[in-house]
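Novice: Dropping in data00.txt, with compact mmCIF, C-alpha atoms and all ligand atoms.
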# COMPACT_ATOMS: atom_id res chain seq x y z
CA MET R 22 84.64 169.70 75.79
CA ARG R 23 88.13 168.77 76.97
CA GLY R 24 88.24 166.57 80.07
CA LYS R 25 90.52 167.05 83.07
CA PHE R 26 93.76 165.38 84.04
CA ILE R 27 94.24 164.86 87.80
CA THR R 28 97.32 163.20 89.26
CA LEU R 29 97.86 161.79 92.75
CA GLU R 30 101.35 161.90 94.18
CA GLY R 31 103.12 161.11 97.44
CA GLY R 32 105.43 158.67 99.18
CA GLU R 33 105.02 154.94 99.67
CA GLY R 34 101.71 153.83 101.23
CA ALA R 35 100.36 157.39 101.36
CA GLY R 36 96.91 156.12 100.34
CA LYS R 37 96.77 157.22 96.70
CA THR R 38 95.29 153.98 95.38
CA THR R 39 92.61 154.00 98.08
CA LEU R 40 91.83 157.65 97.39
CA ILE R 41 91.66 157.21 93.62
CA GLU R 42 89.04 154.48 94.02
CA GLY R 43 86.89 156.78 96.19
CA LEU R 44 87.33 159.71 93.80
CA LYS R 45 86.36 157.62 90.79
CA GLY R 46 83.09 156.56 92.44
CA ALA R 47 82.25 160.08 93.58
CA LEU R 48 83.01 161.73 90.23
CA GLU R 49 81.04 159.07 88.33
CA ARG R 50 78.07 159.73 90.62
CA ASP R 51 78.40 163.36 89.48
CA GLY R 52 77.89 162.13 85.90
CA LEU R 53 81.50 162.21 84.71
CA THR R 54 83.19 159.50 82.67
CA VAL R 55 86.36 158.69 84.60
CA VAL R 56 89.47 156.85 83.43
CA ARG R 57 91.54 155.49 86.30
CA THR R 58 95.14 154.68 85.50
CA ARG R 59 98.61 154.52 87.05
CA GLU R 60 102.31 155.02 86.50
CA PRO R 61 104.51 153.32 85.79
CA GLY R 62 101.94 151.47 83.71
CA GLY R 63 98.59 152.10 82.11
CA THR R 64 99.38 150.43 78.74
CA PRO R 65 100.80 146.97 77.96
CA ASN R 66 104.17 148.50 76.98
CA ALA R 67 104.33 150.68 80.08
CA GLU R 68 103.32 147.76 82.33
CA ALA R 69 106.24 145.76 80.85
CA ILE R 70 108.58 148.64 81.72
CA ARG R 71 107.02 148.77 85.22
CA GLU R 72 108.19 145.21 85.81
CA LEU R 73 111.76 146.21 84.85
CA LEU R 74 111.66 149.21 87.18
CA LEU R 75 110.10 147.74 90.31
CA SER R 76 111.74 144.32 90.53
CA GLY R 77 115.31 143.24 91.12
CA ASP R 78 118.18 144.60 93.12
CA VAL R 79 117.75 148.05 94.75
CA GLU R 80 120.73 149.45 92.83
CA ARG R 81 119.77 147.73 89.55
CA TRP R 82 119.32 151.06 87.72
CA SER R 83 120.95 154.45 88.21
CA PRO R 84 118.49 157.35 88.77
CA ILE R 85 119.15 158.58 85.21
CA SER R 86 118.43 155.15 83.68
CA GLU R 87 115.28 155.04 85.82
CA ALA R 88 114.18 158.47 84.62
CA LEU R 89 114.61 157.43 80.98
CA LEU R 90 112.61 154.24 81.54
CA PHE R 91 109.85 156.11 83.39
CA TYR R 92 109.62 158.58 80.50
CA ALA R 93 109.57 155.82 77.87
CA ALA R 94 106.60 154.34 79.73
CA ARG R 95 105.03 157.78 80.26
CA VAL R 96 105.09 158.81 76.60
CA ASP R 97 103.36 155.53 75.62
CA HIS R 98 100.79 156.09 78.37
CA VAL R 99 100.10 159.73 77.48
CA GLU R 100 99.86 159.07 73.74
CA ARG R 101 97.68 155.96 73.95
CA VAL R 102 95.52 156.53 77.01
CA ILE R 103 95.68 159.91 78.76
CA ARG R 104 95.55 162.39 75.88
CA PRO R 105 92.83 160.50 73.92
CA ALA R 106 90.69 160.28 77.07
CA ILE R 107 90.99 164.00 77.81
CA GLU R 108 90.18 164.82 74.18
CA ARG R 109 87.02 162.64 74.44
CA GLY R 110 85.98 164.75 77.43
CA ASP R 111 86.73 162.11 80.08
CA TRP R 112 88.35 162.89 83.41
CA VAL R 113 91.60 161.01 83.99
CA LEU R 114 92.73 160.06 87.51
CA CYS R 115 96.35 158.94 87.43
CA ASP R 116 98.20 157.31 90.34
CA ARG R 117 101.61 159.07 90.01
CA PHE R 118 103.01 161.03 87.06
CA ALA R 119 105.98 163.32 86.35
CA ASP R 120 106.21 164.69 89.91
CA SER R 121 107.20 161.19 91.03
CA THR R 122 110.20 161.33 88.68
CA ARG R 123 111.05 164.82 90.00
CA ALA R 124 110.87 163.53 93.60
CA TYR R 125 112.23 159.95 93.36
CA GLN R 126 114.85 160.25 90.62
CA GLY R 127 115.40 164.00 91.14
CA ALA R 128 115.38 165.37 94.68
CA ALA R 129 115.78 162.02 96.47
CA GLY R 130 117.75 160.20 93.76
CA GLY R 131 120.17 163.05 93.02
CA THR R 132 119.39 163.75 89.34
CA ASP R 133 119.59 167.43 88.57
CA ARG R 134 116.11 169.01 88.21
CA ALA R 135 117.13 170.95 85.08
CA ARG R 136 118.03 167.68 83.31
CA LEU R 137 114.65 166.22 84.25
CA ASP R 138 112.88 169.36 82.99
CA THR R 139 114.74 169.00 79.67
CA LEU R 140 113.69 165.35 79.49
CA HIS R 141 110.05 166.27 80.21
CA LYS R 142 110.07 168.97 77.53
CA PHE R 143 111.65 166.58 74.99
CA ALA R 144 109.18 163.79 75.78
CA LEU R 145 105.93 165.64 76.41
CA ASP R 146 106.48 169.32 75.65
CA ASP R 147 104.37 171.34 78.15
CA PHE R 148 101.92 168.55 78.98
CA GLU R 149 101.11 168.73 82.73
CA PRO R 150 98.14 167.79 84.92
CA ASP R 151 95.29 170.24 85.50
CA LEU R 152 95.48 169.38 89.19
CA THR R 153 97.90 167.39 91.35
CA LEU R 154 96.87 166.11 94.77
CA ILE R 155 99.93 165.49 96.91
CA VAL R 156 99.01 162.99 99.61
CA ASP R 157 101.40 163.76 102.44
CA ILE R 158 102.29 161.21 105.09
CA ASP R 159 105.03 160.46 107.62
CA PRO R 160 107.17 157.94 105.65
CA ASN R 161 107.31 155.57 108.66
CA VAL R 162 103.51 155.37 108.72
CA GLY R 163 103.29 154.92 104.94
CA LEU R 164 105.92 152.18 104.84
CA GLU R 165 104.28 150.35 107.77
CA ARG R 166 101.04 150.34 105.78
CA THR R 167 102.78 148.75 102.79
CA TRP R 168 104.59 146.18 104.97
CA ALA R 169 101.26 145.24 106.60
CA ARG R 170 100.10 144.00 103.19
CA GLY R 171 102.75 141.28 103.43
CA GLU R 172 103.80 141.64 99.78
CA LYS R 173 107.39 141.57 98.52
CA GLU R 174 109.02 145.03 98.82
CA THR R 175 109.53 146.97 95.58
CA ARG R 176 113.00 148.43 94.78
CA PHE R 177 111.78 151.84 95.90
CA GLU R 178 110.19 150.72 99.17
CA ALA R 179 113.51 149.06 100.02
CA LYS R 180 115.48 152.32 99.91
CA GLY R 181 116.57 153.70 103.29
CA SER R 182 114.89 156.20 105.61
CA VAL R 183 117.01 159.14 104.38
CA PHE R 184 115.67 158.56 100.86
CA HIS R 185 112.05 158.43 102.09
CA ASP R 186 112.46 161.57 104.23
CA ARG R 187 113.88 163.43 101.21
CA LEU R 188 110.96 162.22 99.12
CA ARG R 189 108.39 163.64 101.50
CA GLN R 190 110.13 167.03 101.48
CA ALA R 191 110.49 166.89 97.68
CA PHE R 192 106.73 166.52 97.18
CA LEU R 193 106.04 169.36 99.64
CA ASP R 194 108.57 171.54 97.78
CA ILE R 195 106.85 170.79 94.45
CA ALA R 196 103.50 171.80 95.97
CA ALA R 197 104.97 175.03 97.35
CA ALA R 198 106.60 175.89 94.01
CA GLU R 199 103.41 175.27 91.98
CA PRO R 200 100.46 176.20 94.20
CA MET R 201 98.09 176.76 91.26
CA ARG R 202 98.53 173.17 90.05
CA CYS R 203 99.11 171.35 93.36
CA ALA R 204 97.28 170.88 96.66
CA VAL R 205 98.53 168.98 99.71
CA ILE R 206 96.14 166.51 101.38
CA ASP R 207 96.80 165.00 104.85
CA GLY R 208 97.21 161.27 104.11
CA GLY R 209 97.47 160.46 107.83
CA ALA R 210 93.75 161.20 108.30
CA PRO R 211 91.09 158.44 108.11
CA ALA R 212 90.33 157.38 104.53
CA GLU R 213 86.87 159.07 104.49
CA ALA R 214 88.41 162.39 105.60
CA VAL R 215 91.12 162.10 102.92
CA LEU R 216 88.42 161.56 100.29
CA ASP R 217 86.33 164.52 101.53
CA ALA R 218 89.38 166.79 101.49
CA ALA R 219 90.30 165.72 97.95
CA LEU R 220 86.75 166.21 96.66
CA GLY R 221 86.72 169.67 98.22
CA VAL R 222 89.90 170.63 96.39
CA ILE R 223 88.62 169.23 93.08
CA SER R 224 85.36 171.10 93.39
CA ASN R 225 87.12 174.38 94.30
CA ARG R 226 89.80 174.18 91.65
CA LEU R 227 88.07 172.46 88.72
CA GLY R 228 84.35 172.50 89.51
CA THR R 229 82.19 169.53 88.54
CA PRO R 230 79.29 169.59 86.11
N1 LIG R 301 108.16 155.79 90.83
C1 LIG R 301 107.03 155.99 90.09
C2 LIG R 301 109.34 156.51 90.58
O1 LIG R 301 110.36 156.30 91.24
N2 LIG R 301 109.33 157.46 89.59
C3 LIG R 301 108.23 157.69 88.80
O2 LIG R 301 108.27 158.54 87.90
C4 LIG R 301 107.03 156.92 89.06
C5 LIG R 301 105.80 157.15 88.24
C6 LIG R 301 105.49 152.56 91.97
C7 LIG R 301 106.88 152.92 92.40
O3 LIG R 301 107.54 153.59 91.36
C8 LIG R 301 108.16 154.75 91.87
C9 LIG R 301 107.35 155.13 93.07
C10 LIG R 301 106.89 153.82 93.62
O4 LIG R 301 107.86 153.33 94.52
P1 LIG R 301 103.65 151.34 93.35
O5 LIG R 301 103.54 149.95 93.86
O6 LIG R 301 102.66 151.79 92.35
O7 LIG R 301 105.10 151.52 92.78
O8 LIG R 301 103.79 152.28 94.61
P2 LIG R 301 102.82 153.27 95.28
O9 LIG R 301 102.28 154.22 94.27
O10 LIG R 301 103.57 153.89 96.42
O11 LIG R 301 101.63 152.36 95.79
P3 LIG R 301 101.26 151.88 97.22
O12 LIG R 301 100.11 150.95 97.04
O13 LIG R 301 102.44 151.38 97.95
O14 LIG R 301 100.79 153.16 97.98
P4 LIG R 301 99.45 154.00 97.86
O15 LIG R 301 98.74 153.70 96.61
O16 LIG R 301 99.78 155.41 98.14
O17 LIG R 301 98.62 153.46 99.11
P5 LIG R 301 97.34 152.51 99.18
O18 LIG R 301 96.11 153.25 98.89
O19 LIG R 301 97.59 151.26 98.41
O20 LIG R 301 97.34 152.22 100.74
C11 LIG R 301 98.35 151.47 101.38
C12 LIG R 301 97.71 150.69 102.55
O21 LIG R 301 97.23 151.64 103.50
C13 LIG R 301 95.82 151.51 103.68
C14 LIG R 301 95.30 150.72 102.48
O22 LIG R 301 94.17 149.97 102.82
C15 LIG R 301 96.50 149.85 102.13
O23 LIG R 301 96.51 148.69 102.89
N3 LIG R 301 95.30 152.89 103.72
C16 LIG R 301 94.99 153.53 104.85
N4 LIG R 301 95.03 153.16 106.15
C17 LIG R 301 94.66 154.10 107.06
N5 LIG R 301 94.22 155.35 106.75
C18 LIG R 301 94.14 155.75 105.47
N6 LIG R 301 93.74 157.00 105.18
C19 LIG R 301 94.55 154.82 104.45
N7 LIG R 301 94.62 154.91 103.11
C20 LIG R 301 95.09 153.73 102.68
Kindly present the structure from the file in structure tokens form.

Specialist:
Amino acid sequence: MRGKFITLEGGEGAGKTTLIEGLKGALERDGLTVVRTREPGGTPNAEAIRELLLSGDVERWSPISEALLFYAARVDHVERVIRPAIERGDWVLCDRFADSTRAYQGAAGGTDRARLDTLHKFALDDFEPDLTLIVDIDPNVGLERTWARGEKETRFEAKGSVFHDRLRQAFLDIAAAEPMRCAVIDGGAPAEAVLDAALGVISNRLGTP
């Protein structure tokens, strides 16, 4: 039986990585085999592209160059990891996917959505997640969480507040446009409540064995 493909999306520091860890444990306790992965990344090639994308000067790449690099990484990731796992019957939890390109390079970065849709179709045809959890958070709260880690800022964290406000709205717009695929989770809630909400959505939308 085909597995399921679940993506987690949202702005910086929304809590996706924390949530994915909790989801993996809970779904494995339900007897599922779960593959946890992330974008950009998930394969050696895609991790090498991640380094190009996240480091360096904020304006190092134009949004179109970024989109092409994200898709080069994404095709490698889908072909080598995501699709084989789903075909084995595993459930894949992926930290970010194509909606991040639509929000970061598209709505917030200024690349026309139709061009990104053409790129997606060229690269992956109609391949989309079974379910996308959009973890929504006030960008100021999310960025403060990332700063509290004391790590060097990525190129995207370093973009200004207008960019991060647009991002939040972009993810909410994606959820509103595709309610069958997407669900919005309140990322400002305590971590346990975020996990409970996400598990509720997964159970309602996809069921678990
Ligand atoms: N990107 C990516 C694009 O521009 N286009 C694309 O197509 C793709 C795929 C990736 C960057 O690339 C961009 C987007 C990103 O800028 P990344 O480092 O993977 O870079 O960035 P994020 O995915 O944003 O990862 P973060 O770690 O910054 O955020 P998370 O994963 O959402 O948050 P998380 O879980 O690490 O939590 C952050 C902190 O908050 C705490 C955690 O303990 C942690 O310290 N926390 C909470 N605190 C209170 N309450 C909660 N509910 C909490 N949940 C977590």

Novice: If you count only C-alpha atoms and all ligand atoms, which residues end up within 8 Å of ligand LIG 301 (chain R), as a ChimeraX atom specification?

Specialist: /R:30-41,59-61,71,74-75,87-88,91-92,116-126,156,163-164,166-167,169-170,175-178,208-215

Novice: Between R:Pro160, R:Gly221, R:Gly110, R:Pro150, single out the one closest to Cys203 of chain R, counting all atoms listed in the file.

Specialist: R:Pro150

Novice: Could you please determine the separation between atom CA of Gly228 of chain R and atom CA of Pro105 of chain R in Å, to one decimal place?

Specialist: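 The value is 21.4 Å.
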
Novice: Hey, can I get the axis-aligned box for segment 191-200 of chain R? All listed atoms, 8 Å padding on each side, centre and edge lengths in Å to one decimal, as JSON.

Specialist:
{"center_x": 105.5, "center_y": 171.4, "center_z": 95.8, "size_x": 26.0, "size_y": 25.7, "size_z": 23.7}

Novice: Which is closer to Asn66 of chain R than all the others in R:Arg134, R:Arg104, R:Arg95, R:His185, using only C-alpha atoms?

Specialist: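 Among R:Arg134, R:Arg104, R:Arg95, R:His185, it is R:Arg95 that comes nearest to Asn66 of chain R.
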
Novice: Of the candidates R:Asn161, R:Thr28, R:Gln190, R:Thr64, which one gets nearest to Cys115 of chain R if we count all atoms listed in the file?

Specialist: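 Answer, going by the shortest atom-to-atom distance: R:Thr28.
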
Novice: Measuring between only C-alpha atoms, which one of R:Gly24, R:Ala94, R:Asp78, R:Ser182 shows the shortest distance to Val162 of chain R?

Specialist: R:Ser182

Novice: Here is a test: counting all atoms listed in the file, which residue of R:Pro84, R:Lys180, R:Glu199, R:Thr153 is nearest to Phe26 of chain R?

Specialist: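 Closest to Phe26 of chain R, using all atoms listed in the file: R:Thr153.
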
Novice: Mind giving me the straight-line distance from atom CA of Arg23 of chain R to atom CA of Ile103 of chain R in Å, one decimal?

Specialist: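 These two atoms are separated by 11.8 Å.
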
Novice: Let me make sure I understand: among R:Ile85, R:Leu152, R:Val55, R:Leu90, which one has the smallest atom-to-atom distance to Ala106 of chain R if we use only C-alpha atoms?

Specialist: R:Val55
